[in-house]
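Heads up, upload.cif below (mmCIF, C-alpha atoms and all ligand atoms):
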```
data_structure
loop_
_atom_site.label_atom_id
_atom_site.label_comp_id
_atom_site.auth_asym_id
_atom_site.auth_seq_id
_atom_site.Cartn_x
_atom_site.Cartn_y
_atom_site.Cartn_z
CA MET A 1 255.18 238.99 74.57
CA ARG A 2 256.98 237.47 71.66
CA GLY A 3 255.19 236.17 68.56
CA GLY A 4 257.35 236.02 65.43
CA GLY A 5 260.17 238.14 66.90
CA HIS A 6 260.04 240.62 63.98
CA ASN A 7 259.37 243.81 65.86
CA GLY A 8 261.76 246.44 64.51
CA GLY A 9 261.90 248.31 67.80
CA GLY A 10 262.80 245.08 69.61
CA LEU A 11 259.51 244.92 71.51
CA GLY A 12 259.38 241.13 71.35
CA ILE A 13 261.96 240.91 74.11
CA CYS A 14 262.97 242.86 77.20
CA ASP A 15 265.79 243.25 79.73
CA ASP A 16 265.14 242.53 83.43
CA GLY A 17 261.63 241.30 82.71
CA LEU A 18 259.65 238.24 81.72
CA VAL A 19 259.29 237.27 78.06
CA ILE A 20 256.19 235.24 77.21
CA ASP A 21 257.46 233.45 74.11
CA LEU A 22 254.57 232.03 72.09
CA SER A 23 256.75 230.43 69.41
CA GLY A 24 255.88 226.92 70.62
CA MET A 25 252.21 227.55 69.80
CA ARG A 26 252.13 227.10 66.03
CA SER A 27 249.05 225.06 65.20
CA VAL A 28 246.75 226.09 62.34
CA ARG A 29 243.35 224.59 61.51
CA VAL A 30 241.44 225.48 58.35
CA ASP A 31 237.69 225.14 58.01
CA PRO A 32 237.34 225.17 54.22
CA ALA A 33 233.54 225.02 54.27
CA ALA A 34 233.17 228.02 56.55
CA ARG A 35 236.23 229.69 54.95
CA THR A 36 237.88 230.43 58.29
CA VAL A 37 241.20 229.58 59.87
CA ARG A 38 242.12 229.21 63.54
CA VAL A 39 245.73 230.23 64.20
CA GLU A 40 247.67 229.85 67.45
CA GLY A 41 249.31 232.95 68.91
CA GLY A 42 252.94 232.06 68.10
CA CYS A 43 252.45 231.31 64.39
CA GLN A 44 254.43 232.89 61.62
CA TRP A 45 252.51 233.77 58.47
CA ARG A 46 254.19 230.95 56.56
CA ASP A 47 252.47 228.46 58.90
CA VAL A 48 249.12 229.97 57.93
CA ASP A 49 249.86 230.21 54.19
CA HIS A 50 251.04 226.60 54.12
CA ALA A 51 247.76 225.37 55.58
CA THR A 52 245.31 227.65 53.76
CA HIS A 53 246.92 227.41 50.31
CA ALA A 54 246.13 223.70 50.22
CA PHE A 55 242.47 224.75 50.04
CA GLY A 56 243.06 227.61 47.58
CA LEU A 57 242.39 230.14 50.33
CA ALA A 58 244.30 232.99 52.03
CA THR A 59 243.84 235.85 54.48
CA PRO A 60 245.57 239.25 54.29
CA SER A 61 248.96 239.31 55.99
CA GLY A 62 252.24 241.08 55.10
CA ILE A 63 255.06 240.60 52.60
CA ILE A 64 257.55 238.39 54.47
CA SER A 65 256.42 234.95 55.54
CA THR A 66 258.50 234.72 58.73
CA THR A 67 256.71 237.69 60.35
CA GLY A 68 254.61 236.77 63.37
CA VAL A 69 250.84 236.63 63.07
CA GLY A 70 250.57 238.08 66.60
CA GLY A 71 252.40 241.38 66.29
CA LEU A 72 251.48 242.01 62.66
CA THR A 73 247.77 241.44 63.21
CA LEU A 74 247.40 243.36 66.47
CA GLY A 75 248.97 246.46 64.88
CA GLY A 76 246.72 246.25 61.77
CA GLY A 77 248.41 244.08 59.12
CA ILE A 78 249.34 245.59 55.74
CA GLY A 79 250.40 243.45 52.78
CA HIS A 80 249.82 242.13 49.27
CA LEU A 81 246.06 241.64 49.78
CA THR A 82 245.26 244.97 51.48
CA ARG A 83 243.56 246.70 48.55
CA ARG A 84 241.46 243.64 47.72
CA TYR A 85 240.54 242.26 51.14
CA GLY A 86 241.56 244.90 53.70
CA LEU A 87 243.94 244.79 56.65
CA SER A 88 244.52 241.61 58.65
CA ILE A 89 242.31 243.05 61.41
CA ASP A 90 239.47 243.53 58.92
CA ASN A 91 239.44 239.75 58.54
CA LEU A 92 239.79 238.91 62.24
CA LEU A 93 236.63 237.19 63.49
CA SER A 94 237.62 236.45 67.07
CA ALA A 95 240.57 236.17 69.43
CA ASP A 96 241.20 234.18 72.62
CA VAL A 97 243.01 236.42 75.09
CA VAL A 98 244.69 235.79 78.44
CA LEU A 99 244.25 239.03 80.39
CA ALA A 100 246.64 240.57 82.90
CA ASP A 101 244.60 239.08 85.78
CA GLY A 102 244.92 235.57 84.30
CA ARG A 103 241.37 235.21 82.93
CA LEU A 104 240.99 233.66 79.45
CA ILE A 105 238.25 235.32 77.42
CA THR A 106 237.12 235.35 73.81
CA ALA A 107 236.70 238.68 72.02
CA SER A 108 234.58 239.16 68.89
CA GLU A 109 231.92 241.54 67.54
CA SER A 110 229.35 239.89 69.81
CA ASN A 111 231.52 238.98 72.80
CA ASN A 112 233.66 241.45 74.77
CA SER A 113 233.32 243.80 71.82
CA ASP A 114 235.26 246.65 73.50
CA LEU A 115 238.29 244.39 73.78
CA PHE A 116 237.78 243.19 70.19
CA TRP A 117 237.72 246.81 69.00
CA ALA A 118 240.94 247.60 70.89
CA LEU A 119 242.79 244.49 69.69
CA ARG A 120 242.26 245.54 66.07
CA GLY A 121 245.13 248.02 65.87
CA GLY A 122 245.99 248.61 69.54
CA GLY A 123 248.87 246.10 69.55
CA GLY A 124 249.85 243.84 72.44
CA ASN A 125 248.53 246.23 75.09
CA PHE A 126 245.55 244.22 76.27
CA GLY A 127 246.65 240.64 76.84
CA VAL A 128 248.24 237.54 75.36
CA VAL A 129 246.36 236.40 72.29
CA THR A 130 246.64 232.63 72.30
CA SER A 131 244.47 232.09 69.22
CA PHE A 132 243.21 234.14 66.28
CA GLU A 133 240.30 233.27 63.98
CA PHE A 134 240.41 234.82 60.48
CA ARG A 135 238.10 234.93 57.48
CA LEU A 136 239.58 233.36 54.31
CA HIS A 137 239.25 234.34 50.66
CA PRO A 138 239.73 232.41 47.42
CA VAL A 139 243.37 233.27 46.61
CA SER A 140 245.51 230.55 45.07
CA ASP A 141 247.85 231.50 42.21
CA VAL A 142 248.45 235.22 41.71
CA MET A 143 250.15 237.25 38.97
CA ALA A 144 252.89 238.89 40.94
CA GLY A 145 256.47 240.08 41.21
CA PRO A 146 258.56 243.24 40.96
CA THR A 147 258.95 245.83 38.21
CA LEU A 148 262.25 247.76 38.38
CA TRP A 149 263.32 251.09 36.92
CA PRO A 150 266.71 252.83 37.23
CA LEU A 151 266.89 255.21 40.16
CA GLU A 152 267.47 258.17 37.83
CA ARG A 153 263.85 257.73 36.68
CA GLY A 154 262.61 257.72 40.30
CA ALA A 155 260.78 261.07 40.29
CA GLU A 156 259.01 260.34 37.00
CA ILE A 157 258.04 256.82 38.13
CA MET A 158 256.76 258.00 41.51
CA GLN A 159 254.54 260.53 39.74
CA TRP A 160 253.30 257.81 37.38
CA TYR A 161 252.70 255.40 40.30
CA ARG A 162 250.80 258.04 42.30
CA ALA A 163 248.26 258.41 39.49
CA PHE A 164 248.20 254.76 38.37
CA ILE A 165 247.53 253.13 41.74
CA ALA A 166 244.79 255.68 42.55
CA GLU A 167 242.81 254.43 39.54
CA ALA A 168 243.84 250.76 39.72
CA PRO A 169 241.15 248.20 40.63
CA ASP A 170 241.27 246.63 44.12
CA GLU A 171 242.46 243.38 42.50
CA LEU A 172 245.81 245.06 41.90
CA ASN A 173 248.08 245.75 44.85
CA GLY A 174 251.46 247.34 44.31
CA PHE A 175 253.80 248.80 46.89
CA PHE A 176 256.50 251.25 45.86
CA ALA A 177 260.14 250.77 46.93
CA PHE A 178 263.56 252.32 46.67
CA MET A 179 266.04 249.49 46.97
CA THR A 180 269.37 248.00 45.91
CA VAL A 181 269.06 244.94 43.66
CA PRO A 182 270.51 241.94 45.53
CA PRO A 183 273.34 240.18 43.66
CA VAL A 184 271.41 236.94 43.17
CA ALA A 185 269.31 235.16 40.55
CA PRO A 186 266.73 235.70 39.16
CA PHE A 187 267.92 239.32 38.88
CA PRO A 188 270.11 239.80 35.77
CA GLU A 189 273.77 240.53 36.57
CA THR A 190 273.56 243.93 34.88
CA LEU A 191 271.22 245.03 37.67
CA HIS A 192 273.14 243.52 40.59
CA LEU A 193 273.80 246.06 43.36
CA GLN A 194 272.19 248.87 41.31
CA LYS A 195 269.97 251.30 43.19
CA VAL A 196 266.50 251.21 41.66
CA CYS A 197 262.91 252.15 42.23
CA ALA A 198 260.46 249.29 42.15
CA VAL A 199 256.84 248.33 42.54
CA VAL A 200 256.05 244.87 43.86
CA TRP A 201 252.70 243.82 42.40
CA CYS A 202 250.07 241.28 43.29
CA TRP A 203 247.12 240.76 40.93
CA THR A 204 244.36 238.63 42.44
CA GLY A 205 241.79 239.25 39.70
CA ASP A 206 240.87 237.10 36.72
CA PRO A 207 244.17 235.80 35.22
CA ALA A 208 242.75 236.47 31.73
CA LYS A 209 242.61 240.18 32.61
CA ALA A 210 246.15 240.42 34.02
CA ASP A 211 247.81 241.45 30.74
CA ALA A 212 245.43 244.38 30.39
CA ALA A 213 246.00 245.37 34.03
CA PHE A 214 249.78 245.41 33.57
CA ALA A 215 249.84 247.00 30.09
CA PRO A 216 250.29 250.56 31.48
CA VAL A 217 253.17 249.29 33.65
CA LEU A 218 254.99 247.86 30.62
CA ALA A 219 254.30 251.06 28.71
CA THR A 220 256.62 252.90 31.11
CA GLY A 221 259.57 250.93 29.66
CA PRO A 222 260.93 249.35 32.86
CA ALA A 223 264.41 247.84 33.24
CA LEU A 224 262.81 244.59 34.43
CA HIS A 225 259.21 243.38 34.63
CA GLY A 226 259.26 240.25 36.77
CA VAL A 227 255.53 239.62 37.03
CA GLN A 228 254.52 235.98 36.59
CA ALA A 229 251.99 233.41 37.81
CA LEU A 230 252.99 232.31 41.31
CA PRO A 231 251.37 230.32 44.09
CA PHE A 232 250.51 232.93 46.74
CA PRO A 233 252.89 231.43 49.37
CA VAL A 234 255.77 231.77 46.86
CA LEU A 235 255.10 235.50 46.62
CA GLN A 236 254.79 235.72 50.40
CA SER A 237 258.19 234.13 50.93
CA ALA A 238 259.99 235.72 47.95
CA PHE A 239 261.94 238.17 50.14
CA ASP A 240 262.54 235.88 53.13
CA GLY A 241 266.10 235.14 51.99
CA LEU A 242 266.93 238.84 51.74
CA TYR A 243 265.58 239.70 55.18
CA SER A 244 266.88 236.74 57.15
CA PRO A 245 267.06 236.42 60.95
CA GLY A 246 269.86 238.26 62.75
CA LEU A 247 269.88 241.47 60.71
CA GLN A 248 270.05 244.78 62.56
CA TRP A 249 267.04 247.07 61.92
CA TYR A 250 266.24 250.69 62.56
CA TRP A 251 263.12 252.13 61.00
CA ARG A 252 260.89 255.17 61.07
CA ALA A 253 257.47 255.63 59.52
CA ASP A 254 254.54 257.87 58.68
CA PHE A 255 251.19 257.62 56.90
CA PHE A 256 250.72 259.75 53.78
CA ASN A 257 247.49 261.07 52.25
CA ASP A 258 249.22 262.24 49.10
CA LEU A 259 252.55 262.35 47.33
CA SER A 260 253.28 265.88 46.16
CA ASP A 261 256.03 266.81 43.71
CA GLU A 262 257.85 268.52 46.58
CA ALA A 263 257.71 265.32 48.65
CA ILE A 264 258.93 263.32 45.65
CA ALA A 265 261.98 265.60 45.35
CA LEU A 266 262.82 264.86 49.00
CA HIS A 267 262.29 261.13 48.45
CA MET A 268 264.79 261.23 45.60
CA GLN A 269 267.37 263.08 47.70
CA HIS A 270 267.30 260.35 50.37
CA ALA A 271 266.91 257.42 47.97
CA ARG A 272 270.21 258.36 46.33
CA GLN A 273 271.82 257.91 49.78
CA LEU A 274 270.45 254.41 50.54
CA PRO A 275 273.14 253.49 53.09
CA THR A 276 273.42 249.69 52.70
CA MET A 277 272.22 246.93 50.37
CA HIS A 278 269.37 245.88 52.68
CA SER A 279 268.16 249.41 53.43
CA THR A 280 264.96 250.41 51.68
CA MET A 281 261.92 252.67 51.63
CA HIS A 282 258.43 251.29 51.07
CA LEU A 283 255.10 252.98 50.44
CA TYR A 284 252.31 250.46 51.07
CA PRO A 285 248.85 251.30 49.75
CA VAL A 286 246.25 251.30 52.53
CA ASP A 287 243.28 252.21 50.34
CA GLY A 288 240.80 249.95 48.50
CA ALA A 289 239.03 247.60 50.91
CA ALA A 290 240.98 249.08 53.85
CA HIS A 291 239.31 252.45 53.14
CA ARG A 292 235.84 250.97 53.37
CA VAL A 293 236.16 250.56 57.15
CA GLY A 294 235.52 253.71 59.21
CA ARG A 295 238.33 255.31 61.22
CA ASN A 296 236.50 254.63 64.51
CA GLU A 297 235.26 251.13 63.65
CA THR A 298 238.55 249.58 64.78
CA ALA A 299 241.42 251.03 66.81
CA PHE A 300 243.46 251.46 63.58
CA SER A 301 242.86 255.14 62.92
CA TYR A 302 244.40 256.12 59.58
CA ARG A 303 241.65 254.81 57.28
CA ASP A 304 241.89 258.03 55.27
CA ALA A 305 245.61 257.67 54.48
CA ARG A 306 246.65 256.33 51.07
CA TRP A 307 250.05 254.93 52.01
CA ALA A 308 251.90 253.61 55.03
CA GLY A 309 255.47 254.76 54.44
CA VAL A 310 258.48 253.18 56.11
CA PHE A 311 262.14 254.21 56.02
CA VAL A 312 264.13 251.09 56.77
CA GLY A 313 267.82 251.01 57.74
CA VAL A 314 269.12 247.42 57.74
CA ASP A 315 272.57 245.89 57.86
CA PRO A 316 274.24 242.82 59.36
CA ASP A 317 277.27 244.76 60.65
CA ALA A 318 276.96 246.49 64.04
CA ALA A 319 279.60 248.97 62.89
CA ASN A 320 276.95 250.43 60.56
CA ALA A 321 274.37 251.03 63.31
CA ASP A 322 274.78 254.80 63.34
CA ARG A 323 274.79 255.07 59.57
CA ILE A 324 271.55 253.17 58.99
CA SER A 325 269.70 254.81 61.87
CA ALA A 326 270.80 258.36 60.93
CA TRP A 327 269.64 257.79 57.34
CA ALA A 328 266.22 256.45 58.41
CA ARG A 329 265.73 259.28 60.93
CA ASP A 330 266.79 262.01 58.50
CA TYR A 331 264.56 260.61 55.76
CA GLN A 332 261.50 260.48 58.00
CA THR A 333 262.21 263.92 59.46
CA ALA A 334 262.36 265.37 55.94
CA LEU A 335 259.08 263.76 54.84
CA HIS A 336 257.15 264.19 58.10
CA PRO A 337 255.79 267.66 57.17
CA TYR A 338 254.17 266.01 54.10
CA SER A 339 252.67 263.14 56.15
CA SER A 340 249.25 262.55 57.72
CA GLY A 341 250.80 263.12 61.17
CA GLY A 342 251.03 259.64 62.67
CA ALA A 343 252.62 256.32 61.78
CA TYR A 344 251.70 252.64 61.52
CA VAL A 345 252.56 251.31 65.00
CA ASN A 346 254.21 248.21 63.56
CA PHE A 347 256.79 250.32 61.71
CA MET A 348 257.98 252.33 64.72
CA MET A 349 260.84 252.35 67.18
CA GLU A 350 260.20 253.46 70.78
CA GLU A 351 259.39 257.10 70.06
CA GLY A 352 257.52 258.29 73.15
CA GLU A 353 253.95 258.68 74.34
CA ASP A 354 253.03 261.68 72.15
CA ARG A 355 253.97 259.77 69.04
CA VAL A 356 251.82 256.78 70.13
CA ARG A 357 248.88 259.18 70.62
CA ASP A 358 249.49 260.56 67.12
CA CYS A 359 249.11 257.04 65.72
CA PHE A 360 245.63 256.65 67.15
CA ARG A 361 244.27 260.23 67.03
CA ASP A 362 240.69 260.30 68.41
CA ASN A 363 240.78 256.54 69.07
CA TYR A 364 243.39 257.00 71.81
CA SER A 365 240.91 257.86 74.60
CA ARG A 366 238.81 254.74 73.91
CA LEU A 367 241.99 252.63 73.83
CA SER A 368 243.10 254.17 77.09
CA ALA A 369 239.72 253.33 78.66
CA ALA A 370 240.02 249.73 77.40
CA LYS A 371 243.53 249.58 78.87
CA ARG A 372 242.15 250.67 82.25
CA GLU A 373 239.53 247.92 82.07
CA PHE A 374 241.75 245.06 80.88
CA ASP A 375 245.25 245.96 82.13
CA PRO A 376 244.87 248.70 84.79
CA ASP A 377 248.41 248.24 86.16
CA ASN A 378 250.01 248.30 82.71
CA LEU A 379 251.52 244.82 83.10
CA PHE A 380 251.84 244.59 79.30
CA ARG A 381 254.03 247.63 78.64
CA VAL A 382 256.79 246.40 76.33
CA ASN A 383 254.88 247.57 73.25
CA GLN A 384 253.71 250.86 71.68
CA ASN A 385 252.29 251.59 75.07
CA ILE A 386 248.81 252.92 75.73
CA LYS A 387 248.51 254.30 79.23
CA PRO A 388 245.49 253.23 81.36
CA ALA A 389 243.03 256.14 81.62
C1 LIG B 401 261.20 241.67 57.78
C2 LIG B 401 259.94 242.33 58.27
C3 LIG B 401 258.87 242.46 57.40
C4 LIG B 401 257.68 243.05 57.81
N1 LIG B 401 256.66 243.17 56.93
C5 LIG B 401 255.47 243.67 57.33
C6 LIG B 401 254.36 243.73 56.46
O1 LIG B 401 254.45 243.36 55.29
N2 LIG B 401 253.20 244.22 56.91
C7 LIG B 401 253.04 244.65 58.19
O2 LIG B 401 251.93 245.05 58.54
N3 LIG B 401 254.07 244.62 59.05
C8 LIG B 401 255.28 244.15 58.65
N4 LIG B 401 256.35 244.13 59.52
C9 LIG B 401 256.18 244.73 60.83
C10 LIG B 401 255.56 243.75 61.80
O3 LIG B 401 254.16 243.77 61.66
C11 LIG B 401 255.93 244.16 63.22
O4 LIG B 401 257.31 244.21 63.35
C12 LIG B 401 255.30 243.19 64.24
O5 LIG B 401 255.51 243.70 65.53
C13 LIG B 401 255.87 241.82 64.12
O6 LIG B 401 255.15 240.90 64.85
P1 LIG B 401 255.88 239.67 65.56
O7 LIG B 401 254.84 238.86 66.26
O8 LIG B 401 256.76 239.00 64.58
O9 LIG B 401 256.78 240.50 66.57
P2 LIG B 401 257.38 240.24 68.04
O10 LIG B 401 258.67 240.95 68.06
O11 LIG B 401 257.36 238.80 68.42
O12 LIG B 401 256.30 240.97 68.93
C14 LIG B 401 256.12 242.35 68.85
C15 LIG B 401 254.99 242.82 69.73
O13 LIG B 401 253.78 242.22 69.30
C16 LIG B 401 252.97 241.87 70.38
N5 LIG B 401 252.59 240.46 70.23
C17 LIG B 401 253.14 239.55 69.39
N6 LIG B 401 252.45 238.39 69.48
C18 LIG B 401 251.46 238.58 70.37
C19 LIG B 401 250.40 237.78 70.87
N7 LIG B 401 250.20 236.52 70.45
N8 LIG B 401 249.57 238.32 71.79
C20 LIG B 401 249.73 239.58 72.20
N9 LIG B 401 250.70 240.40 71.77
C21 LIG B 401 251.54 239.90 70.85
C22 LIG B 401 253.72 242.20 71.63
O14 LIG B 401 253.20 243.42 72.12
C23 LIG B 401 255.12 242.44 71.19
O15 LIG B 401 255.66 243.51 71.92
C24 LIG B 401 257.56 243.53 59.14
C25 LIG B 401 258.65 243.40 60.01
C26 LIG B 401 259.84 242.84 59.57
C27 LIG B 401 261.00 242.78 60.51
#
```

With the file now loaded, output its structure as structure tokens.
Ligand SMILES: Cc1cc2nc3c(=O)[nH]c(=O)nc-3n(C[C@H](O)[C@H](O)[C@H](O)COP(=O)(O)OP(=O)(O)OC[C@H]3O[C@@H](n4cnc5c(N)ncnc54)[C@H](O)[C@@H]3O)c2cc1C
Amino acid sequence: MRGGGHNGGGLGICDDGLVIDLSGMRSVRVDPAARTVRVEGGCQWRDVDHATHAFGLATPSGIISTTGVGGLTLGGGIGHLTRRYGLSIDNLLSADVVLADGRLITASESNNSDLFWALRGGGGNFGVVTSFEFRLHPVSDVMAGPTLWPLERGAEIMQWYRAFIAEAPDELNGFFAFMTVPPVAPFPETLHLQKVCAVVWCWTGDPAKADAAFAPVLATGPALHGVQALPFPVLQSAFDGLYSPGLQWYWRADFFNDLSDEAIALHMQHARQLPTMHSTMHLYPVDGAAHRVGRNETAFSYRDARWAGVFVGVDPDAANADRISAWARDYQTALHPYSSGGAYVNFMMEEGEDRVRDCFRDNYSRLSAAKREFDPDNLFRVNQNIKPA
């Protein structure tokens, strides 16, 4: 099944099989009174943002607007609104699903609730979701953008970030990154192609309180503080040009409960070796509202983790395939002993059955039972596959 075609492991397409490409199904309908949105299964997030922003509303998604609603949501959905409003699945109200046997059913808390539980984190294992219904929140303009520091200050800034984000209100989201500054405006030329550490912020609280919220950030003396008032869809699409279609990706991932000084030293070692301009490492907070859902309430298990980490090797040139993948693998291997044990399924390659089990911990057996009920012959198996019990 192919939604937005963004799956890093290439699971939106297969050889010698049938691809169900949903990209022709892109309709979005907002109900502003009920604060809900109905989204067809092939939508990209930009389709949703475009429609909901007109009403001053939004639902949690990711950080790049061309990512598919289908794959991102079914794996969990982590982005700029996570701390304030939870994961995408925490805002999913219902889904229309075509099952392996051809039946079309609706899943929600009150209807086919076992399937609804499994869809919220279990990925594309259970059927083709033709339509999603999400809850919306009043999000219109946000105070958002990146703060950059020179890479040499990386260890100090990671330690500062670890403490700051733990105490920050849910209205403030900020994911940490090691990255190379792209040689384009609005970045000043002095920073072009410099390796830096960064936090990309999104403040959804009272605009009058934004200065106070960002005062401790400015007090660190950054090289650039690019936070400004932006319409939410502008933030959502700010990195689309950097991560354009056709790039070659190889990524690895893990959840993290903490960020020890020892782990930070390893981060620095690998950050200095960022292999290409597009390659990056992100730590996405998964606390705040996402922590207020129990680890067995949805299939997404790591409700106790503080960050979803991802080690991302990206480059347009096939000649660099080995370089970017070796860097991402080595980085994750080094940090894995400091991780929570499993990874966010949407940030994985094809890494084997044991690794998939690690992602779901004690939720795996219930997922496996749901798989037996809804797809006993494992028709839908080009995904982070859950085996039928
Ligand atoms: C540039 C980029 C940025 C990203 N940013 C984020 C982010 O900020 N937050 C985040 O959480 N993730 C992010 N991701 C990861 C993303 O969530 C996964 O790669 C996800 O699989 C993409 O979904 P898709 O529909 O675009 O993928 P596709 O490649 O089209 O599909 C991947 C899998 O999703 C399933 N699927 C897709 N649509 C449906 C459907 N309608 N019904 C049933 N199954 C379906 C299928 O199992 C398929 O195998 C990003 C990925 C990229 C490449």

>> Can you work out which residues are within 6 Å of ligand LIG 401 (chain B), considering all atoms listed in the file, and then hand them over as a PyMOL selection string?
In response: chain A and resi 1-8+11-12+41-42+62-64+67-72+77-79+123-124+127-130+243+346-347+382-383

>> What's the separation between atom CA of Leu87 of chain A and atom CA of Pro60 of chain A, in Å to one decimal place?
In response: 6.2 Å

Contact table segment 290-341 of chain A vs segment 353-371 of chain A, cut-off 10 Å, shortest pair per residue, all atoms listed in the file, as a tab-separated table:
```
residue	atom	partner	partner_atom	distance
A:Arg295	CA	A:Asn363	CA	8.3
A:Asn296	CA	A:Asn363	CA	6.5
A:Glu297	CA	A:Asn363	CA	9.4
A:Thr298	CA	A:Asn363	CA	8.5
A:Ala299	CA	A:Asn363	CA	6.0
A:Phe300	CA	A:Phe360	CA	6.7
A:Ser301	CA	A:Phe360	CA	5.3
A:Tyr302	CA	A:Phe360	CA	7.7
A:Ser340	CA	A:Asp358	CA	9.6
A:Gly341	CA	A:Asp358	CA	6.6
```

>> From the options A:Pro245, A:Asp15, A:Glu152, A:Met143, which residue's atoms come nearest to Asp206 of chain A, counting all atoms listed in the file?
In response: A:Met143

> Using all atoms listed in the file, which residue out of A:Trp201, A:Trp117, A:Phe187, A:Phe55 lies closest to Val139 of chain A?
Replying inline: A:Phe55

> Which polymer residues have any atom within 7 Å of an atom of segment 312-320 of chain A, counting all atoms listed in the file, with same-chain residues fewer than 4 positions away left out, as a PyMOL selection string?
Replying inline: chain A and resi 247-252+276+278-281+324-325+328

> Using all atoms listed in the file, which residues sit within 9 Å of Val200 of chain A once same-chain residues fewer than 6 positions away are excluded, as number ranges by chain?
Replying inline: A: 80, 144-148, 173-177, 227

Because some atoms of segment 141-154 of chain A are absent here, can you restore N, CA, C and O atoms and send them as a compact mmCIF listing (two decimals), in the coordinates of the input?
```
# COMPACT_ATOMS: atom_id res chain seq x y z
N ASP A 141 246.74 230.94 42.97
CA ASP A 141 247.85 231.50 42.21
C ASP A 141 247.56 232.97 41.97
O ASP A 141 246.40 233.36 41.79
N VAL A 142 248.60 233.78 41.97
CA VAL A 142 248.45 235.22 41.71
C VAL A 142 249.43 235.59 40.59
O VAL A 142 250.39 234.86 40.33
N MET A 143 249.18 236.71 39.92
CA MET A 143 250.15 237.25 38.97
C MET A 143 250.93 238.30 39.75
O MET A 143 250.36 239.33 40.13
N ALA A 144 252.20 238.03 39.98
CA ALA A 144 252.89 238.89 40.94
C ALA A 144 254.39 238.93 40.69
O ALA A 144 254.94 238.09 39.98
N GLY A 145 255.02 239.93 41.30
CA GLY A 145 256.47 240.08 41.21
C GLY A 145 256.82 241.55 41.09
O GLY A 145 255.94 242.42 41.07
N PRO A 146 258.12 241.84 41.00
CA PRO A 146 258.56 243.24 40.96
C PRO A 146 258.74 243.79 39.55
O PRO A 146 259.07 243.05 38.63
N THR A 147 258.52 245.10 39.40
CA THR A 147 258.95 245.83 38.21
C THR A 147 260.03 246.81 38.69
O THR A 147 259.85 247.46 39.74
N LEU A 148 261.13 246.89 37.96
CA LEU A 148 262.25 247.76 38.38
C LEU A 148 262.53 248.82 37.32
O LEU A 148 262.45 248.54 36.11
N TRP A 149 262.88 250.00 37.79
CA TRP A 149 263.32 251.09 36.92
C TRP A 149 264.62 251.66 37.50
O TRP A 149 264.81 251.64 38.73
N PRO A 150 265.49 252.22 36.67
CA PRO A 150 266.71 252.83 37.23
C PRO A 150 266.36 253.99 38.16
O PRO A 150 265.35 254.68 37.94
N LEU A 151 267.19 254.17 39.17
CA LEU A 151 266.89 255.21 40.16
C LEU A 151 266.78 256.59 39.54
O LEU A 151 265.98 257.42 39.99
N GLU A 152 267.53 256.83 38.47
CA GLU A 152 267.47 258.17 37.83
C GLU A 152 266.05 258.50 37.37
O GLU A 152 265.71 259.66 37.21
N ARG A 153 265.23 257.47 37.12
CA ARG A 153 263.85 257.73 36.68
C ARG A 153 262.88 257.81 37.87
O ARG A 153 261.66 257.83 37.69
N GLY A 154 263.43 257.83 39.09
CA GLY A 154 262.61 257.72 40.30
C GLY A 154 261.49 258.75 40.39
O GLY A 154 260.35 258.41 40.70
```
